[in-house]
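Heads up, start_33.tsv below (TSV, C-alpha atoms):
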chain	number	residue	atom	x	y	z
A	37	MET	CA	216.58	142.52	63.41
A	38	PRO	CA	216.58	139.43	61.17
A	39	PRO	CA	219.23	136.73	61.54
A	40	ASP	CA	220.37	137.76	58.05
A	41	SER	CA	223.85	136.31	58.39
A	42	ILE	CA	222.32	132.85	58.89
A	43	HIS	CA	221.21	131.32	55.62
A	44	ASN	CA	218.10	129.17	55.92
A	45	ARG	CA	219.37	126.04	54.25
A	46	ILE	CA	216.65	123.79	52.86
A	47	ARG	CA	215.47	120.90	55.01
A	48	THR	CA	212.80	118.34	54.16
A	49	ASP	CA	209.88	120.27	55.65
A	50	PRO	CA	211.05	123.75	56.64
A	51	HIS	CA	208.67	125.92	58.66
A	52	ALA	CA	210.26	129.33	58.03
A	53	PRO	CA	209.46	129.61	54.27
A	54	LEU	CA	205.79	128.75	54.87
A	55	LEU	CA	205.56	131.16	57.80
A	56	LYS	CA	207.18	133.88	55.68
A	57	SER	CA	204.70	133.26	52.85
A	58	LEU	CA	201.67	133.32	55.14
A	59	ARG	CA	202.90	136.49	56.82
A	60	GLU	CA	203.39	138.23	53.48
A	61	GLN	CA	199.82	137.26	52.52
A	62	ASN	CA	198.61	138.61	55.88
A	63	ALA	CA	196.93	135.23	56.40
A	64	LEU	CA	197.18	135.57	60.17
A	65	LYS	CA	194.83	132.72	61.08
A	66	ALA	CA	196.84	130.23	59.04
A	67	PHE	CA	200.11	131.84	60.17
A	68	TYR	CA	199.42	131.38	63.88
A	69	HIS	CA	198.03	127.89	63.39
A	70	HIS	CA	201.29	126.90	61.70
A	71	ALA	CA	203.29	128.81	64.32
A	72	LYS	CA	201.76	126.51	66.95
A	73	THR	CA	202.88	123.47	64.93
A	74	ALA	CA	206.37	124.88	64.43
A	75	LEU	CA	206.83	125.69	68.12
A	76	SER	CA	205.66	122.21	69.14
A	77	GLU	CA	208.14	120.60	66.76
A	78	LEU	CA	210.96	122.83	67.93
A	79	ASN	CA	210.20	121.84	71.51
A	80	ALA	CA	210.32	118.17	70.54
A	81	MET	CA	213.69	118.60	68.82
A	82	ARG	CA	215.07	120.36	71.88
A	83	HIS	CA	213.93	117.52	74.15
A	84	HIS	CA	215.61	114.96	71.90
A	85	GLY	CA	218.80	116.98	72.22
A	86	THR	CA	219.69	116.67	68.56
A	87	MET	CA	219.42	119.39	65.91
A	88	THR	CA	221.08	119.60	62.53
A	89	ARG	CA	222.42	122.84	61.09
A	90	GLU	CA	219.43	123.01	58.75
A	91	GLU	CA	217.01	122.53	61.64
A	92	ALA	CA	218.79	125.15	63.74
A	93	CYS	CA	218.61	127.65	60.84
A	94	ASP	CA	214.93	126.95	60.35
A	95	MET	CA	214.29	127.28	64.08
A	96	LEU	CA	215.93	130.67	64.40
A	97	TRP	CA	214.23	132.09	61.30
A	98	SER	CA	210.86	130.71	62.47
A	99	LEU	CA	211.23	132.34	65.89
A	100	TYR	CA	212.20	135.61	64.19
A	101	LEU	CA	209.12	135.52	61.95
A	102	ILE	CA	206.72	134.63	64.78
A	103	SER	CA	208.15	137.24	67.13
A	104	GLY	CA	207.74	140.04	64.58
A	105	ALA	CA	204.40	139.03	63.04
A	106	PRO	CA	201.40	141.37	63.47
A	107	MET	CA	198.90	140.57	66.19
A	108	TYR	CA	195.22	140.03	65.48
A	109	GLU	CA	193.37	143.30	65.03
A	110	ALA	CA	191.57	144.24	68.25
A	111	PRO	CA	187.82	143.54	68.39
A	112	ASP	CA	185.74	146.66	67.66
A	113	TYR	CA	183.04	146.81	70.33
A	114	ASP	CA	181.27	149.59	68.43
A	115	SER	CA	180.91	147.36	65.39
A	116	VAL	CA	177.84	145.25	64.63
A	117	GLN	CA	180.04	142.82	62.67
A	118	PRO	CA	181.55	139.73	64.34
A	119	TRP	CA	185.27	139.78	65.10
A	120	PRO	CA	186.96	137.81	62.28
A	121	TYR	CA	189.25	136.01	64.76
A	122	LYS	CA	186.54	134.99	67.23
A	123	ASP	CA	187.46	131.29	66.93
A	124	GLU	CA	191.17	131.99	67.35
A	125	ARG	CA	190.92	133.74	70.73
A	126	ASP	CA	194.57	134.03	71.92
A	127	ASN	CA	196.55	132.02	69.34
A	128	ASP	CA	198.65	135.08	68.52
A	129	ILE	CA	199.40	135.92	72.15
A	130	ALA	CA	200.20	132.28	72.99
A	131	ALA	CA	202.57	132.05	70.02
A	132	LYS	CA	204.48	135.15	71.16
A	133	SER	CA	204.75	133.64	74.63
A	134	GLY	CA	205.90	130.36	73.09
A	135	VAL	CA	208.75	132.13	71.32
A	136	ILE	CA	210.07	133.56	74.60
A	137	SER	CA	209.75	130.19	76.33
A	138	ALA	CA	211.66	128.53	73.46
A	139	LEU	CA	214.38	131.20	73.45
A	140	SER	CA	214.85	130.97	77.22
A	141	ILE	CA	215.70	127.26	77.16
A	142	VAL	CA	217.72	127.02	73.95
A	143	ASP	CA	221.29	125.78	74.43
A	144	THR	CA	223.03	128.77	72.84
A	145	LYS	CA	226.44	127.08	73.00
A	146	GLN	CA	225.25	124.08	71.00
A	147	MET	CA	223.24	126.21	68.58
A	148	SER	CA	226.18	128.54	67.94
A	149	ARG	CA	228.26	125.51	67.01
A	150	ASN	CA	225.51	124.21	64.71
A	151	LEU	CA	225.15	127.57	62.99
A	152	GLY	CA	228.81	128.48	62.94
A	153	ILE	CA	228.27	131.90	64.54
A	154	HIS	CA	229.54	133.47	67.74
A	155	GLU	CA	227.45	132.53	70.77
A	156	GLN	CA	227.33	136.12	71.98
A	157	ARG	CA	225.66	137.24	68.74
A	158	LEU	CA	223.03	134.56	69.22
A	159	LYS	CA	222.34	135.75	72.77
A	160	HIS	CA	221.84	139.31	71.58
A	161	LEU	CA	219.42	138.14	68.89
A	162	HIS	CA	217.41	136.13	71.44
A	163	ALA	CA	217.31	139.01	73.91
A	164	ALA	CA	216.21	141.45	71.21
A	165	TYR	CA	213.36	139.18	70.02
A	166	ALA	CA	212.07	138.61	73.56
A	167	ALA	CA	212.27	142.32	74.41
A	168	ALA	CA	210.36	143.28	71.25
A	169	ILE	CA	207.55	140.83	72.04
A	170	ILE	CA	207.11	142.06	75.61
A	171	LYS	CA	207.19	145.70	74.52
A	172	ARG	CA	204.48	145.01	71.94
A	173	LEU	CA	202.13	143.31	74.41
A	174	LYS	CA	202.74	145.95	77.06
A	175	SER	CA	201.84	148.66	74.55
A	176	LEU	CA	198.55	146.91	73.72
A	177	HIS	CA	197.45	146.53	77.35
A	178	LEU	CA	195.08	149.23	78.64
A	179	PRO	CA	195.42	149.11	82.46
A	180	ASP	CA	192.42	151.38	83.08
A	181	PHE	CA	190.02	149.68	80.68
A	182	GLY	CA	188.13	148.01	83.52
A	183	LYS	CA	186.99	151.42	84.75
A	184	LYS	CA	185.09	152.10	81.52
A	185	GLU	CA	184.03	148.52	80.76
A	186	THR	CA	180.93	148.62	83.01
A	187	ALA	CA	179.68	151.81	81.32
A	188	LEU	CA	180.28	150.28	77.89
A	189	LYS	CA	178.35	147.14	78.83
A	190	ASP	CA	175.48	149.24	80.22
A	191	ALA	CA	175.35	151.22	76.96
A	192	ILE	CA	175.14	148.03	74.90
A	193	ILE	CA	172.45	146.59	77.16
A	194	ARG	CA	170.40	149.77	76.83
A	195	SER	CA	170.69	149.53	73.05
A	196	HIS	CA	169.08	146.08	72.98
A	197	PRO	CA	165.89	146.19	70.89
A	198	VAL	CA	162.65	145.67	72.77
A	199	ASN	CA	161.18	142.34	71.84
A	200	PRO	CA	157.50	142.46	72.91
A	201	ASP	CA	156.62	139.17	71.24
A	202	GLY	CA	159.13	137.29	73.34
A	203	ASN	CA	161.11	136.13	70.33
A	204	VAL	CA	164.40	134.38	71.04
A	205	ILE	CA	167.45	136.67	70.83
A	206	GLY	CA	168.99	136.23	67.42
A	207	SER	CA	165.73	135.86	65.54
A	208	ASP	CA	165.99	139.44	64.34
A	209	VAL	CA	168.82	141.18	62.46
A	210	LYS	CA	169.07	143.82	65.19
A	211	ASP	CA	169.44	141.09	67.79
A	212	TYR	CA	172.36	139.62	65.86
A	213	GLU	CA	173.96	143.05	65.65
A	214	TRP	CA	173.51	143.56	69.38
A	215	THR	CA	175.03	140.15	70.09
A	216	HIS	CA	178.09	140.90	67.95
A	217	ARG	CA	178.67	144.20	69.77
A	218	TRP	CA	178.41	142.44	73.13
A	219	ASN	CA	180.72	139.58	72.10
A	220	ASN	CA	183.25	142.03	70.67
A	221	LEU	CA	183.37	143.95	73.94
A	222	VAL	CA	183.75	140.78	76.02
A	223	THR	CA	186.53	139.54	73.72
A	224	PHE	CA	188.29	142.92	73.78
A	225	SER	CA	188.23	142.88	77.58
A	226	SER	CA	189.43	139.29	77.74
A	227	ARG	CA	192.35	139.92	75.40
A	228	ASN	CA	193.26	143.08	77.27
A	229	SER	CA	193.58	141.01	80.46
A	230	MET	CA	195.57	138.36	78.58
A	231	TYR	CA	198.16	140.90	77.43
A	232	HIS	CA	198.96	141.65	81.07
A	233	SER	CA	198.69	138.10	82.43
A	234	TYR	CA	200.89	136.56	79.72
A	235	VAL	CA	203.56	139.21	80.29
A	236	SER	CA	203.51	139.18	84.10
A	237	LYS	CA	202.93	135.46	84.70
A	238	ILE	CA	204.98	133.90	81.90
A	239	MET	CA	207.11	136.21	79.76
A	240	GLU	CA	208.79	138.30	82.46
A	241	LYS	CA	209.65	135.14	84.41
A	242	ARG	CA	211.41	133.70	81.37
A	243	PHE	CA	212.93	136.97	80.15
A	244	ILE	CA	214.82	138.18	83.24
A	245	PRO	CA	216.49	134.86	84.16
A	246	MET	CA	217.46	134.54	80.49
A	247	LEU	CA	219.16	137.95	80.56
A	248	VAL	CA	220.92	137.11	83.83
A	249	LYS	CA	222.17	133.85	82.28
A	250	TYR	CA	223.24	135.53	79.03
A	251	PHE	CA	224.97	138.55	80.56
A	252	PRO	CA	226.51	137.65	83.96
A	253	ASP	CA	228.21	140.64	85.58
A	254	GLN	CA	227.06	142.84	82.66
A	255	ALA	CA	224.41	144.95	84.33
A	256	GLY	CA	224.43	147.44	81.47
A	257	GLU	CA	223.40	144.77	78.94
A	258	VAL	CA	220.62	143.45	81.19
A	259	VAL	CA	219.23	146.93	81.80
A	260	LYS	CA	219.51	147.77	78.08
A	261	TYR	CA	217.22	144.92	77.08
A	262	ILE	CA	214.81	145.58	79.96
A	263	ARG	CA	214.46	149.13	78.63
A	264	LYS	CA	214.00	147.77	75.10
A	265	ALA	CA	211.11	145.72	76.51
A	266	GLY	CA	209.32	148.94	77.44
A	267	TYR	CA	210.22	149.35	81.13
A	268	GLY	CA	211.29	152.67	82.62
A	269	ASP	CA	214.33	153.14	84.84
A	270	GLY	CA	212.15	153.17	87.94
A	271	GLU	CA	210.68	149.77	87.03
A	272	VAL	CA	213.90	147.83	86.45
A	273	LEU	CA	214.68	146.66	89.98
A	274	ASP	CA	211.02	145.98	90.80
A	275	LEU	CA	210.91	143.74	87.74
A	276	ILE	CA	214.04	141.88	88.84
A	277	ASP	CA	212.61	141.53	92.36
A	278	ARG	CA	209.44	139.78	91.17
A	279	THR	CA	211.17	137.51	88.66
A	280	ALA	CA	214.75	136.52	89.48
A	281	GLY	CA	214.94	138.12	92.94
A	282	TYR	CA	218.06	139.13	94.84
A	283	ASN	CA	220.59	136.30	95.08
A	284	SER	CA	224.23	135.54	94.33
A	285	LYS	CA	223.52	135.46	90.57
A	286	THR	CA	221.69	138.81	90.48
A	287	ALA	CA	223.62	140.77	93.13
A	288	TYR	CA	225.56	142.64	90.42
A	289	LEU	CA	222.28	144.20	89.27
A	290	TYR	CA	221.82	145.85	92.66
A	291	GLN	CA	225.19	147.55	92.80
A	292	GLY	CA	225.42	151.28	93.39
A	293	LYS	CA	223.60	153.53	95.82
A	294	SER	CA	220.16	153.21	94.25
A	295	GLY	CA	220.47	149.43	94.02
A	296	GLU	CA	221.51	149.12	97.65
A	297	GLU	CA	218.67	151.37	98.80
A	298	HIS	CA	216.18	149.38	96.75
A	299	ARG	CA	217.41	146.09	98.20
A	300	LYS	CA	217.10	147.40	101.75
A	301	LYS	CA	213.53	148.59	101.11
A	302	PHE	CA	212.66	145.24	99.54
A	303	GLN	CA	214.09	143.27	102.47
A	304	GLN	CA	212.27	145.55	104.92
A	305	LYS	CA	209.04	144.84	103.08
A	306	ILE	CA	209.67	141.10	103.44
A	307	ARG	CA	210.59	141.56	107.11
A	308	ASN	CA	207.32	143.37	107.80
A	309	SER	CA	205.20	140.74	106.08
A	310	CYS	CA	207.04	137.58	107.18
A	311	PRO	CA	209.80	137.84	109.82
A	312	ASP	CA	210.94	134.22	109.44
A	313	VAL	CA	211.43	134.53	105.69
A	314	SER	CA	213.21	137.85	106.23
A	315	ARG	CA	215.76	136.27	108.57
A	316	ASN	CA	216.46	133.51	106.03
A	317	THR	CA	216.79	136.05	103.19
A	318	ASN	CA	219.36	138.10	105.16
A	319	LYS	CA	221.61	135.10	105.79
Can the structure in the file be given as structure tokens, please?
Amino acid sequence: MPPDSIHNRIRTDPHAPLLKSLREQNALKAFYHHAKTALSELNAMRHHGTMTREEACDMLWSLYLISGAPMYEAPDYDSVQPWPYKDERDNDIAAKSGVISALSIVDTKQMSRNLGIHEQRLKHLHAAYAAAIIKRLKSLHLPDFGKKETALKDAIIRSHPVNPDGNVIGSDVKDYEWTHRWNNLVTFSSRNSMYHSYVSKIMEKRFIPMLVKYFPDQAGEVVKYIRKAGYGDGEVLDLIDRTAGYNSKTAYLYQGKSGEEHRKKFQQKIRNSCPDVSRNTNK
């Protein structure tokens, strides 16, 4: 949902209007290059600790536009044409991750004062943007792709044209076509791994502590946004375990019979693997 109640007042060099224009033109290369610039500047403003109303408006609209922008089209490993984003690699994925990192460290109290809106509304906007990004990347990840990747590579290798004269690969049109198919497959595989690694190593670890901070003692709100991020009911507590963990700030998320049973199983797992850590955890 757009921050439509927040008017993007003009500043000297606003990022949001340019991002909006590039997105409407579907100029994704230029869009994500400028997204990188915008995120870097927003980080710098946050470190300085000062942000005008105009800058805060531009920041929120920029994060909204980046979070909802289309991703690069996946490489087609059956195509003999080069992937149009081969020099961009993971700019789109990194930008999505950058949005979540920025949202997780924003001072919502100060920003709500700058924007003149209720802080709770701002928290819900942030949580919704982060959840949408994670859901999108999770939906793109193919967990079983590795099982078919070897067969796909073998098929491409077998399709390589015989070159009896010992010519260097690339000296023939068919060699170029073969190379593009190979590169597209390697890039597809690499990006597929990135979807998972960015989510599990960066995004989840920003997302869950952010929800805990935003909604203390509101387990229903935390679970709502975890579900919006594409996680099933059976995954919720495992996700909390590997990100925020069980402590005084997250204990409310483990309430109820299922939560208590999960916590006991988790502590037993720790006890089995490392008795000393288990004793400290139980204290």
Give me the residues near Leu221 (chain A) as a PDB file with C-alpha atoms, keeping the file's coordinate frame, where near means some atom within 12 Å (using all atoms listed in the file) and where sequence neighbours in that chain fewer than 4 positions away do not count.
ATOM      1  CA  ALA A 110     191.570 144.240  68.250  1.00  0.00           C
ATOM      2  CA  PRO A 111     187.820 143.540  68.390  1.00  0.00           C
ATOM      3  CA  ASP A 112     185.740 146.660  67.660  1.00  0.00           C
ATOM      4  CA  TYR A 113     183.040 146.810  70.330  1.00  0.00           C
ATOM      5  CA  ASP A 114     181.270 149.590  68.430  1.00  0.00           C
ATOM      6  CA  SER A 115     180.910 147.360  65.390  1.00  0.00           C
ATOM      7  CA  VAL A 116     177.840 145.250  64.630  1.00  0.00           C
ATOM      8  CA  GLN A 117     180.040 142.820  62.670  1.00  0.00           C
ATOM      9  CA  PRO A 118     181.550 139.730  64.340  1.00  0.00           C
ATOM     10  CA  TRP A 119     185.270 139.780  65.100  1.00  0.00           C
ATOM     11  CA  LYS A 122     186.540 134.990  67.230  1.00  0.00           C
ATOM     12  CA  PHE A 181     190.020 149.680  80.680  1.00  0.00           C
ATOM     13  CA  GLY A 182     188.130 148.010  83.520  1.00  0.00           C
ATOM     14  CA  LYS A 184     185.090 152.100  81.520  1.00  0.00           C
ATOM     15  CA  GLU A 185     184.030 148.520  80.760  1.00  0.00           C
ATOM     16  CA  THR A 186     180.930 148.620  83.010  1.00  0.00           C
ATOM     17  CA  ALA A 187     179.680 151.810  81.320  1.00  0.00           C
ATOM     18  CA  LEU A 188     180.280 150.280  77.890  1.00  0.00           C
ATOM     19  CA  LYS A 189     178.350 147.140  78.830  1.00  0.00           C
ATOM     20  CA  ASP A 190     175.480 149.240  80.220  1.00  0.00           C
ATOM     21  CA  ALA A 191     175.350 151.220  76.960  1.00  0.00           C
ATOM     22  CA  ILE A 192     175.140 148.030  74.900  1.00  0.00           C
ATOM     23  CA  ILE A 193     172.450 146.590  77.160  1.00  0.00           C
ATOM     24  CA  TRP A 214     173.510 143.560  69.380  1.00  0.00           C
ATOM     25  CA  THR A 215     175.030 140.150  70.090  1.00  0.00           C
ATOM     26  CA  HIS A 216     178.090 140.900  67.950  1.00  0.00           C
ATOM     27  CA  ARG A 217     178.670 144.200  69.770  1.00  0.00           C
ATOM     28  CA  SER A 225     188.230 142.880  77.580  1.00  0.00           C
ATOM     29  CA  SER A 226     189.430 139.290  77.740  1.00  0.00           C
ATOM     30  CA  ARG A 227     192.350 139.920  75.400  1.00  0.00           C
ATOM     31  CA  ASN A 228     193.260 143.080  77.270  1.00  0.00           C
TER      32      ASN A 228
END
Margin query: List as JSON, numbers by chain the protein and nucleic acid residues near region 90-104 of chain A, meaning an atom at most 10 Å away when all atoms listed in the file are counted, but skip any in the same chain fewer than 4 places from it.
Written below: {"A": [37, 38, 39, 40, 42, 43, 44, 45, 46, 47, 48, 49, 50, 51, 52, 53, 54, 55, 56, 59, 67, 68, 70, 71, 72, 74, 75, 77, 78, 81, 86, 128, 131, 132, 133, 134, 135, 136, 138, 139, 146, 147, 148, 150, 151, 158, 161, 162, 164, 165, 166, 167, 168, 169, 170, 172]}
Each region 142-206 of chain A residue no farther than 8 Å from region 230-238 of chain A, nearest pair in Å, all atoms listed in the file, as a tab-separated table:
residue	atom	partner	partner_atom	distance
A:Ile170	CA	A:Val235	CA	6.5
A:Leu173	CA	A:Tyr231	CA	5.5
A:Lys174	CA	A:Tyr231	CA	6.8
A:Leu176	CA	A:Tyr231	CA	7.1
A:His177	CA	A:Tyr231	CA	5.7
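With all atoms listed in the file as the basis for measurement, A:Val248 is the residue among A:Ser175, A:Val248, A:Thr88, A:Gln291 that approaches Ala163 (chain A) most closely.
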Notebook entry, point to check: A:Lys260, A:Glu213, A:Lys65, A:Lys249: which is nearest Thr144 (chain A), counting all atoms listed in the file?
Noted result: A:Lys249
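Computed from the coordinates, the CA of Asn283 (chain A) to CA of Phe251 (chain A) distance equals 15.3 Å.
Here CA of Asn127 (chain A) stands at a distance of 24.8 Å from CA of Thr279 (chain A).
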Notebook entry, point to check: Hey, can you check how far CA of Met239 (chain A) sits from CA of Ser137 (chain A)?
Noted result: 7.4 Å
Margin query: Here is a test: counting all atoms listed in the file, which residue of A:Ile244, A:Leu64, A:Leu178, A:Ala287 is nearest to Pro120 (chain A)?
Written below: A:Leu64
Checklist line | Among listed residues A:Ile141, A:His154, A:Ala105, A:Ser195, nearest Asn79 (chain A) (using all atoms listed in the file) | finding: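 Of the candidates, the smallest distance to Asn79 (chain A) is held by A:Ile141.
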